[in-house]
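Asker: Can you keep this structure in mind? I'll have questions shortly.
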Amino acid sequence: MSTPEPRPMSSSITVNDIFRRYGPTYRQLHPNLSIPERKAMRAIEICRTEVLGGRVEECDCCGHKVILYNSCRNRHCPQCQFMKKEQWILDRKNEVLPFTYFHVVFTLPDELNQIVIKNRRLIYNLMFEKCREARLSVSIDKTYFGARIGFFVILHTWGQKLNQHNHLHCVVPGGGYSETKKKWIQAPDNFLVPVQVLKMRFRSLFLKELKNMYSKNLLYLHGTKFANRITFQRLIDNLFKKEWVVYLKESFRNRESVIEYLARYTHRIAISNHRIISLNNDIVTFKYRDYKDDNKEKFMDLDAFSFIQRFMMHIVPKRFVRIRYFGLLAHRNKKKAIEACREFYHIAEKTETANLKWHEMYMKVTGKKVSSCPACKNGTLMLKEYIPANCYRPPPLEFY
């Protein structure tokens with residue numbers, strides 16, 4: 001249930017705490033969890049605990065000791081995304097093109113959720129592929145823009161209530177290369193291509209391929225009503241008639257801040273720790289934004305096992321890539337395209353993306369020296385001893 005009334009804030013409970021307390025019992029109740037789901041659960045439970053080992057550091061000035069446990073580095077863990085996000089920001093800043101940036105969101109209708117849950121990898125890949133086709137085909141059309149563009153896409157599978165809400169955040173520079181004019185062209189600051197055209201193109205491409213997959217028996221639909229061919233065809237017909245949600249969320253004239261803004265989407269997980277309010281009597285309370293009610297902040301209560309179940313819906317398949325680059329920004333084209341664009345507009349190359357070590361990155365982002373003593377503020381923390389891990393894990397990242 002959800003209620004709009006204010007509640008006392010608390011930041012002491014984390015997603016990791018909930019998994020440590022209820023995760024083992026949840027696994028017993030759900031023995032059919034996939035290997036990636038089990039690995040993600042276990043990683044979240046043991047992150048920054050003695051199980052993974054760590055190190056003891058001592059101040060060379062006041063003798064204060066600090067115990068630092070290793071992180072799990074799992075991409076679904078809310079405690080392990082900060083430095084990855086900051087490294088991504090530095091890498092992307094060197095690739096910013098001199099155009100207004102547009103943020104377009106492609107959303108799958110909720111009617112497809114049952115099919116998505118049974119065929120995650122297949123449907124997620126289909127979303128990426130048809131988003132790519134829709135964007136590139138509309139942009140290259142002289143009727144709308146008439147140029148080759150580049151963009152990157154980020155997959156999100158959740159809504160604010162941890163519900164299934166499959167959508168793609170598509171980040172598009174408002175410019176591209178015109179083959180006919182043999183030059184780079186720029187779109188107006190408030191328009192790139194008609195969103196309605198994108199919407200119809202994406203819907204058509206996606207549903208035609210989904211129907212093709214069904215006819216080739218590529219979809220696993222056992223246990224759903226769509227295993228019946230007539231019911232599935234009725235779904236396709238209804239979705240062709242339905243208005244799909246594809247919309248322009250923001251445009252950015254300030255090209256320097258676009259990457260920081262978009263970093264909120266790149267390494268986000270289903271729910272972050274700051275949204276957890278409390279855990280009382282096996283009930284998890286967290287805050288969310290109700291976009292249907294003027295973006296008001298509200299609170300939701302779920303029992304711990306339902307909370308974990310909703311979180312687990314958003315564990316992506318093994319080795320699945322959630323951030324992908326297309327067109328001129330695809331990895332095989334990116335370097336030459338960016339160099340050519342900068343040369344055309346006489347823009348000097350940036351050098352912000354040097355490979356920084358962990359402690360250098362931390363210093364750049366926070367302005368704090370990671371080895372400074374938290375007690376006396378003057379001394380330096382020195383390695384005293386290692387704490388051995390109680391399980392196998394990849395070697396920890398070097399701090400120095």
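Labeling convention for the structure tokens: chains A, B, ... as they appear, residues from 1 per chain, ligands from 1 in order of appearance.
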Write out as number ranges by chain all residues of range 180-379 of chain A that DSSP puts in alpha helix (DSSP H) for this structure's backbone.
Answerer: A: 195-215, 229-241, 258-266, 304-312, 331-345, 358-366
Asker: Could you take the residues named above and write them with C-alpha atoms, as a JSON list (two decimals), in the first residue's frame?
Answerer:
[["chain", "number", "residue", "atom", "x", "y", "z"],
["A", 195, "VAL", "CA", 8.76, 12.09, -31.55],
["A", 196, "GLN", "CA", 5.48, 10.80, -33.01],
["A", 197, "VAL", "CA", 7.36, 9.34, -35.98],
["A", 198, "LEU", "CA", 9.86, 7.66, -33.64],
["A", 199, "LYS", "CA", 7.02, 6.24, -31.60],
["A", 200, "MET", "CA", 5.26, 4.69, -34.57],
["A", 201, "ARG", "CA", 8.50, 3.37, -36.10],
["A", 202, "PHE", "CA", 9.65, 1.75, -32.85],
["A", 203, "ARG", "CA", 6.24, 0.17, -32.25],
["A", 204, "SER", "CA", 6.08, -1.27, -35.75],
["A", 205, "LEU", "CA", 9.63, -2.64, -35.77],
["A", 206, "PHE", "CA", 9.34, -4.18, -32.32],
["A", 207, "LEU", "CA", 5.97, -5.88, -32.79],
["A", 208, "LYS", "CA", 6.80, -7.28, -36.23],
["A", 209, "GLU", "CA", 9.96, -8.90, -34.90],
["A", 210, "LEU", "CA", 8.20, -10.13, -31.76],
["A", 211, "LYS", "CA", 5.59, -11.82, -33.94],
["A", 212, "ASN", "CA", 8.36, -13.29, -36.07],
["A", 213, "MET", "CA", 10.04, -14.72, -32.94],
["A", 214, "TYR", "CA", 6.76, -16.29, -31.89],
["A", 215, "SER", "CA", 6.26, -17.96, -35.26],
["A", 229, "ARG", "CA", -1.62, -18.47, -30.60],
["A", 230, "ILE", "CA", -4.99, -16.70, -30.79],
["A", 231, "THR", "CA", -4.38, -14.88, -27.48],
["A", 232, "PHE", "CA", -0.91, -13.83, -28.62],
["A", 233, "GLN", "CA", -2.23, -12.51, -31.94],
["A", 234, "ARG", "CA", -4.91, -10.58, -30.08],
["A", 235, "LEU", "CA", -2.16, -9.01, -27.94],
["A", 236, "ILE", "CA", -0.21, -7.97, -31.04],
["A", 237, "ASP", "CA", -3.31, -6.45, -32.63],
["A", 238, "ASN", "CA", -4.15, -4.47, -29.49],
["A", 239, "LEU", "CA", -0.58, -3.21, -29.13],
["A", 240, "PHE", "CA", -0.54, -2.02, -32.74],
["A", 241, "LYS", "CA", -3.58, 0.11, -31.93],
["A", 258, "VAL", "CA", 24.95, 16.65, -19.73],
["A", 259, "ILE", "CA", 27.26, 13.79, -18.73],
["A", 260, "GLU", "CA", 26.90, 14.45, -14.99],
["A", 261, "TYR", "CA", 23.14, 14.50, -15.37],
["A", 262, "LEU", "CA", 23.02, 11.30, -17.36],
["A", 263, "ALA", "CA", 25.33, 9.50, -14.94],
["A", 264, "ARG", "CA", 22.28, 9.28, -12.67],
["A", 265, "TYR", "CA", 20.91, 6.74, -15.14],
["A", 266, "THR", "CA", 23.99, 4.77, -16.17],
["A", 304, "ALA", "CA", 10.75, -7.96, 3.39],
["A", 305, "PHE", "CA", 10.27, -10.97, 1.13],
["A", 306, "SER", "CA", 8.12, -8.99, -1.33],
["A", 307, "PHE", "CA", 10.78, -6.28, -1.34],
["A", 308, "ILE", "CA", 13.48, -8.81, -2.21],
["A", 309, "GLN", "CA", 11.26, -10.41, -4.84],
["A", 310, "ARG", "CA", 10.70, -7.07, -6.57],
["A", 311, "PHE", "CA", 14.41, -6.27, -6.39],
["A", 312, "MET", "CA", 15.27, -9.64, -7.93],
["A", 331, "HIS", "CA", 32.92, 1.67, -30.63],
["A", 332, "ARG", "CA", 34.21, 0.95, -34.13],
["A", 333, "ASN", "CA", 33.23, 4.44, -35.39],
["A", 334, "LYS", "CA", 33.57, 6.61, -32.31],
["A", 335, "LYS", "CA", 37.22, 7.67, -32.43],
["A", 336, "LYS", "CA", 37.25, 8.75, -36.08],
["A", 337, "ALA", "CA", 33.83, 10.40, -35.88],
["A", 338, "ILE", "CA", 34.69, 12.49, -32.81],
["A", 339, "GLU", "CA", 38.02, 13.55, -34.30],
["A", 340, "ALA", "CA", 36.35, 14.56, -37.58],
["A", 341, "CYS", "CA", 33.62, 16.51, -35.79],
["A", 342, "ARG", "CA", 36.12, 18.39, -33.63],
["A", 343, "GLU", "CA", 38.25, 19.20, -36.64],
["A", 344, "PHE", "CA", 35.20, 20.52, -38.53],
["A", 345, "TYR", "CA", 34.21, 22.82, -35.64],
["A", 358, "TRP", "CA", 41.31, 4.43, -7.14],
["A", 359, "HIS", "CA", 42.68, 6.91, -4.63],
["A", 360, "GLU", "CA", 43.27, 9.52, -7.36],
["A", 361, "MET", "CA", 39.68, 9.17, -8.54],
["A", 362, "TYR", "CA", 38.39, 9.49, -4.97],
["A", 363, "MET", "CA", 40.45, 12.63, -4.46],
["A", 364, "LYS", "CA", 39.20, 14.17, -7.73],
["A", 365, "VAL", "CA", 35.54, 13.49, -6.94],
["A", 366, "THR", "CA", 35.37, 14.20, -3.21]]
Asker: My list of candidates is A:Ile154, A:Cys77, A:Val105, A:Pro188. Which is closest to Glu37 in chain A when distances are computed with only C-alpha atoms?
Answerer: A:Cys77
Asker: Identify all residues of range 92-327 of chain A in strand (DSSP E) (DSSP on the backbone) and supply them as an MDAnalysis selection string.
Answerer: chainID A and resid 101:107 150:158 164:173 175:178 183:186 246:252 276:280 283:290 296:303 323:327
Asker: Excluding Asn166 in chain A and any residue of its chain fewer than 4 positions from it, enumerate the residues within 8 Å of it, using only C-alpha atoms, and give them as a list in words.
Answerer: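 These residues fall inside the cut-off: Thr107, Leu108, Leu155, His156, Thr157 and Trp158 of chain A.
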Asker: I need the chosen residues saved as a short mmCIF file (atom, residue, chain, number, x, y, z; two decimals), in the first residue's frame, with N, CA, C and O atoms.
Answerer:
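Listed below is the output, again-v5.cif:
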data_model
loop_
_atom_site.label_atom_id
_atom_site.label_comp_id
_atom_site.auth_asym_id
_atom_site.auth_seq_id
_atom_site.Cartn_x
_atom_site.Cartn_y
_atom_site.Cartn_z
N THR A 107 9.58 3.31 -24.02
CA THR A 107 8.98 2.47 -22.99
C THR A 107 8.15 1.35 -23.61
O THR A 107 7.37 1.60 -24.54
N LEU A 108 8.30 0.13 -23.08
CA LEU A 108 7.47 -0.99 -23.51
C LEU A 108 6.14 -0.94 -22.76
O LEU A 108 6.11 -0.66 -21.55
N LEU A 155 19.55 0.70 -20.48
CA LEU A 155 18.36 -0.08 -20.13
C LEU A 155 18.03 0.07 -18.66
O LEU A 155 18.88 -0.11 -17.79
N HIS A 156 16.76 0.39 -18.37
CA HIS A 156 16.20 0.33 -17.03
C HIS A 156 14.97 -0.57 -17.07
O HIS A 156 14.19 -0.50 -18.02
N THR A 157 14.81 -1.38 -16.04
CA THR A 157 13.69 -2.32 -16.03
C THR A 157 12.71 -2.05 -14.90
O THR A 157 11.77 -2.81 -14.71
N TRP A 158 12.91 -0.98 -14.13
CA TRP A 158 12.12 -0.76 -12.92
C TRP A 158 11.41 0.59 -12.93
O TRP A 158 11.81 1.54 -13.61
#
Asker: Here is a test: counting only C-alpha atoms, which residue of A:Ser12, A:Asn378, A:Asn119, A:Ser257 is nearest to Leu90 in chain A?
Answerer: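 Among the listed residues, A:Ser257 lies closest to Leu90 in chain A.
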Asker: List as a count of residues only the protein and nucleic acid residues near range 371-375 of chain A, meaning an atom at most 9 Å away when only C-alpha atoms are counted, but skip any in the same chain fewer than 4 places from it.
Answerer: 13
Asker: Excluding range 139-152 of chain A and its own-chain neighbours fewer than 3 positions away, which residues fall within 10 Å of it when counting only C-alpha atoms? Please give them as a compact mmCIF listing (two decimals) with C-alpha atoms, in the first residue's frame.
Answerer:
# COMPACT_ATOMS: atom_id res chain seq x y z
CA LEU A 97 30.17 16.55 -29.26
CA TYR A 101 21.92 16.85 -26.39
CA PHE A 102 18.47 15.25 -26.37
CA HIS A 103 17.21 12.69 -23.85
CA ARG A 132 18.69 1.54 -32.86
CA GLU A 133 16.82 0.88 -36.11
CA ALA A 134 14.11 3.43 -35.32
CA ARG A 135 16.51 6.21 -34.39
CA LEU A 136 18.96 5.69 -37.25
CA LEU A 168 15.40 2.72 -22.57
CA HIS A 169 17.06 6.07 -21.90
CA CYS A 170 18.40 7.23 -25.24
CA VAL A 171 20.94 10.08 -25.28
CA VAL A 172 21.33 11.74 -28.67
CA PRO A 173 23.64 14.60 -29.72
CA GLY A 174 21.65 17.00 -31.88
CA GLY A 175 23.89 16.76 -34.89
CA GLY A 176 25.36 14.35 -37.39
CA TYR A 177 27.19 13.86 -40.66
CA SER A 178 25.36 14.47 -43.92
CA GLU A 179 26.57 12.16 -46.70
CA THR A 180 24.93 14.27 -49.43
CA LYS A 181 26.32 17.60 -48.18
CA LYS A 182 29.63 16.05 -47.08
CA LYS A 183 29.65 18.02 -43.85
CA TRP A 184 28.50 18.00 -40.22
CA ILE A 185 25.10 19.57 -39.62
CA GLN A 186 23.45 20.74 -36.44
CA ALA A 187 19.81 20.42 -35.34
CA PHE A 191 14.03 19.80 -32.16
CA LEU A 192 15.77 16.80 -33.71
CA VAL A 193 13.17 14.48 -35.25
CA PRO A 194 9.39 14.17 -34.65
CA VAL A 197 7.36 9.34 -35.98
CA LEU A 198 9.86 7.66 -33.64
CA ILE A 323 24.80 0.52 -21.87
CA ARG A 324 25.23 0.34 -25.63
CA TYR A 325 26.53 2.74 -28.28
CA PHE A 326 25.18 3.04 -31.81
CA GLY A 327 25.74 4.89 -35.06
CA LEU A 328 28.65 7.32 -35.07
CA LEU A 329 29.24 6.62 -31.36
CA ALA A 330 29.51 2.86 -31.82
CA ASN A 333 33.23 4.44 -35.39
CA LYS A 334 33.57 6.61 -32.31
CA ALA A 337 33.83 10.40 -35.88
Asker: As a PyMOL selection string, please: the residues near Arg121 in chain A (cut-off 9 Å, only C-alpha atoms, same-chain neighbours under 3 positions excluded).
Answerer: chain A and resi 116+124-126+316-317+320
Asker: Would you put the residues from that selection into a file with all heavy atoms, as a short mmCIF file (atom, residue, chain, number, x, y, z; two decimals), in the first residue's frame?
Answerer:
data_model
loop_
_atom_site.label_atom_id
_atom_site.label_comp_id
_atom_site.auth_asym_id
_atom_site.auth_seq_id
_atom_site.Cartn_x
_atom_site.Cartn_y
_atom_site.Cartn_z
N VAL A 116 8.23 -10.50 -21.14
CA VAL A 116 9.57 -10.04 -20.79
C VAL A 116 10.17 -10.88 -19.68
O VAL A 116 11.32 -11.32 -19.74
CB VAL A 116 9.54 -8.55 -20.37
CG1 VAL A 116 10.91 -8.11 -19.87
CG2 VAL A 116 9.10 -7.67 -21.53
N TYR A 124 15.13 -7.86 -24.04
CA TYR A 124 16.01 -6.70 -23.81
C TYR A 124 16.85 -6.42 -25.06
O TYR A 124 17.02 -5.26 -25.47
CB TYR A 124 16.92 -6.94 -22.62
CG TYR A 124 16.20 -7.03 -21.28
CD1 TYR A 124 16.82 -7.62 -20.17
CD2 TYR A 124 14.92 -6.52 -21.11
CE1 TYR A 124 16.18 -7.70 -18.94
CE2 TYR A 124 14.27 -6.61 -19.89
CZ TYR A 124 14.90 -7.21 -18.82
OH TYR A 124 14.27 -7.29 -17.60
N ASN A 125 17.40 -7.49 -25.66
CA ASN A 125 18.17 -7.30 -26.89
C ASN A 125 17.29 -6.75 -28.01
O ASN A 125 17.74 -5.91 -28.81
CB ASN A 125 18.80 -8.62 -27.32
CG ASN A 125 20.04 -8.97 -26.53
OD1 ASN A 125 20.78 -8.09 -26.09
ND2 ASN A 125 20.27 -10.26 -26.32
N LEU A 126 16.05 -7.23 -28.06
CA LEU A 126 15.13 -6.74 -29.09
C LEU A 126 14.84 -5.25 -28.89
O LEU A 126 14.75 -4.49 -29.87
CB LEU A 126 13.84 -7.55 -29.03
CG LEU A 126 12.77 -7.21 -30.08
CD1 LEU A 126 13.31 -7.42 -31.49
CD2 LEU A 126 11.52 -8.05 -29.86
N VAL A 316 19.81 -8.47 -14.20
CA VAL A 316 19.92 -8.74 -15.64
C VAL A 316 20.66 -10.05 -15.87
O VAL A 316 21.40 -10.53 -15.01
CB VAL A 316 20.65 -7.58 -16.35
CG1 VAL A 316 19.84 -6.31 -16.27
CG2 VAL A 316 22.04 -7.38 -15.80
N PRO A 317 20.47 -10.66 -17.04
CA PRO A 317 21.14 -11.93 -17.35
C PRO A 317 22.66 -11.80 -17.32
O PRO A 317 23.22 -10.70 -17.40
CB PRO A 317 20.64 -12.25 -18.77
CG PRO A 317 19.36 -11.51 -18.91
CD PRO A 317 19.52 -10.26 -18.10
N PHE A 320 25.14 -9.50 -19.56
CA PHE A 320 24.28 -8.65 -20.39
C PHE A 320 24.77 -7.21 -20.29
O PHE A 320 25.00 -6.69 -19.19
CB PHE A 320 22.83 -8.75 -19.94
CG PHE A 320 21.88 -8.03 -20.85
CD1 PHE A 320 21.36 -8.67 -21.96
CD2 PHE A 320 21.52 -6.72 -20.61
CE1 PHE A 320 20.49 -8.01 -22.81
CE2 PHE A 320 20.66 -6.05 -21.45
CZ PHE A 320 20.13 -6.69 -22.56
#
Asker: Have a look at A:Val104, A:Ile89, A:Ile115, A:Ile13 and name the one nearest to Gly223 in chain A; count only C-alpha atoms.
Answerer: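 With only C-alpha atoms as the atom set, the closest residue is A:Ile115.
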Asker: Interatomic distance between CA of Ile46 in chain A and CA of Phe19 in chain A?
Answerer: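 If I compute the distance from CA of Ile46 in chain A to CA of Phe19 in chain A, I get 9.3 Å.
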Asker: Compile the contact shell of Gln114 in chain A as a short mmCIF file (atom, residue, chain, number, x, y, z; two decimals) with N, CA, C and O atoms, in the first residue's frame: residues with an atom at most 12 Å away, counting only C-alpha atoms, same-chain residues fewer than 3 positions apart removed.
Answerer:
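Output file around06.cif is given in full below:
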data_model
loop_
_atom_site.label_atom_id
_atom_site.label_comp_id
_atom_site.auth_asym_id
_atom_site.auth_seq_id
_atom_site.Cartn_x
_atom_site.Cartn_y
_atom_site.Cartn_z
N LEU A 108 8.30 0.13 -23.08
CA LEU A 108 7.47 -0.99 -23.51
C LEU A 108 6.14 -0.94 -22.76
O LEU A 108 6.11 -0.66 -21.55
N PRO A 109 5.04 -1.26 -23.40
CA PRO A 109 3.75 -1.32 -22.70
C PRO A 109 3.76 -2.41 -21.62
O PRO A 109 4.40 -3.46 -21.77
N ASP A 110 3.01 -2.19 -20.55
CA ASP A 110 2.95 -3.15 -19.45
C ASP A 110 2.36 -4.48 -19.88
O ASP A 110 2.61 -5.51 -19.24
N GLU A 111 1.57 -4.50 -20.94
CA GLU A 111 0.97 -5.75 -21.40
C GLU A 111 2.01 -6.79 -21.80
O GLU A 111 1.72 -7.98 -21.85
N ILE A 117 9.39 -11.15 -18.64
CA ILE A 117 9.88 -11.90 -17.48
C ILE A 117 10.35 -13.30 -17.88
O ILE A 117 11.34 -13.81 -17.36
N LYS A 118 9.67 -13.90 -18.85
CA LYS A 118 10.03 -15.25 -19.30
C LYS A 118 11.18 -15.25 -20.31
O LYS A 118 11.82 -16.28 -20.54
N ASN A 119 11.44 -14.09 -20.92
CA ASN A 119 12.43 -14.02 -22.02
C ASN A 119 13.28 -12.75 -21.89
O ASN A 119 13.38 -11.96 -22.83
N ARG A 120 13.88 -12.56 -20.74
CA ARG A 120 14.56 -11.29 -20.46
C ARG A 120 15.64 -10.96 -21.49
O ARG A 120 15.63 -9.87 -22.08
N ILE A 123 14.16 -10.27 -25.08
CA ILE A 123 13.36 -9.05 -25.23
C ILE A 123 14.21 -7.81 -25.00
O ILE A 123 14.06 -6.79 -25.71
N GLN A 164 7.81 -3.79 -12.49
CA GLN A 164 8.38 -4.02 -13.82
C GLN A 164 8.00 -2.87 -14.73
O GLN A 164 6.82 -2.63 -15.01
N HIS A 165 8.99 -2.14 -15.20
CA HIS A 165 8.75 -0.98 -16.06
C HIS A 165 9.94 -0.88 -17.02
O HIS A 165 10.93 -0.21 -16.75
N ASN A 166 9.84 -1.58 -18.14
CA ASN A 166 10.96 -1.72 -19.06
C ASN A 166 11.05 -0.51 -19.99
O ASN A 166 10.11 -0.22 -20.74
N LEU A 219 10.27 -17.80 -28.41
CA LEU A 219 9.82 -17.27 -27.13
C LEU A 219 9.39 -18.40 -26.21
O LEU A 219 8.70 -19.33 -26.62
N TYR A 220 9.80 -18.29 -24.95
CA TYR A 220 9.36 -19.25 -23.94
C TYR A 220 8.15 -18.65 -23.23
O TYR A 220 8.27 -17.66 -22.50
N LEU A 221 6.97 -19.25 -23.45
CA LEU A 221 5.73 -18.69 -22.91
C LEU A 221 4.96 -19.71 -22.08
O LEU A 221 3.77 -19.50 -21.79
N HIS A 222 5.61 -20.78 -21.68
CA HIS A 222 4.94 -21.81 -20.89
C HIS A 222 4.43 -21.20 -19.58
O HIS A 222 5.15 -20.49 -18.88
N GLY A 223 3.18 -21.47 -19.24
CA GLY A 223 2.60 -20.95 -18.01
C GLY A 223 1.95 -19.60 -18.16
O GLY A 223 1.42 -19.05 -17.19
N THR A 224 1.99 -19.03 -19.36
CA THR A 224 1.32 -17.75 -19.60
C THR A 224 0.17 -17.96 -20.58
O THR A 224 0.15 -18.93 -21.35
N LYS A 225 -0.75 -17.02 -20.59
CA LYS A 225 -1.90 -17.12 -21.51
C LYS A 225 -1.48 -16.92 -22.96
O LYS A 225 -2.22 -17.29 -23.89
N PHE A 226 -0.27 -16.37 -23.17
CA PHE A 226 0.17 -16.08 -24.54
C PHE A 226 0.74 -17.31 -25.24
O PHE A 226 1.16 -17.22 -26.40
N ALA A 227 0.78 -18.45 -24.53
CA ALA A 227 1.16 -19.68 -25.21
C ALA A 227 0.12 -20.06 -26.25
O ALA A 227 0.42 -20.76 -27.23
N PHE A 232 -2.10 -14.61 -28.28
CA PHE A 232 -0.91 -13.83 -28.62
C PHE A 232 -1.20 -12.88 -29.78
O PHE A 232 -0.80 -11.70 -29.74
N LEU A 235 -3.06 -9.95 -28.61
CA LEU A 235 -2.16 -9.01 -27.94
C LEU A 235 -1.45 -8.12 -28.97
O LEU A 235 -1.39 -6.89 -28.80
N MET A 313 13.59 -9.02 -9.61
CA MET A 313 13.06 -8.94 -10.97
C MET A 313 13.99 -8.15 -11.88
O MET A 313 13.90 -8.25 -13.11
#
Asker: Which residue is closest to Lys84 in chain A? Choose from A:His267, A:Ile315, A:Asn32, A:Tyr247 and count only C-alpha atoms.
Answerer: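 Ranking A:His267, A:Ile315, A:Asn32, A:Tyr247 by distance to Lys84 in chain A, first place goes to A:His267.
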Asker: Distance CA of Trp244 in chain A-CA of Tyr288 in chain A, one decimal place?
Answerer: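 The value is 23.9 Å.
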Asker: Taking only C-alpha atoms into account, which of A:Arg319, A:Arg48, A:Arg20, A:Arg55 comes nearest Pro388 in chain A?
Answerer: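 Closest candidate: A:Arg55.
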Asker: Work out how far CA of Ile271 in chain A is from CA of Lys93 in chain A, in Å to one decimal.
Answerer: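 Going from CA of Lys93 in chain A over to CA of Ile271 in chain A, I get 26.2 Å.
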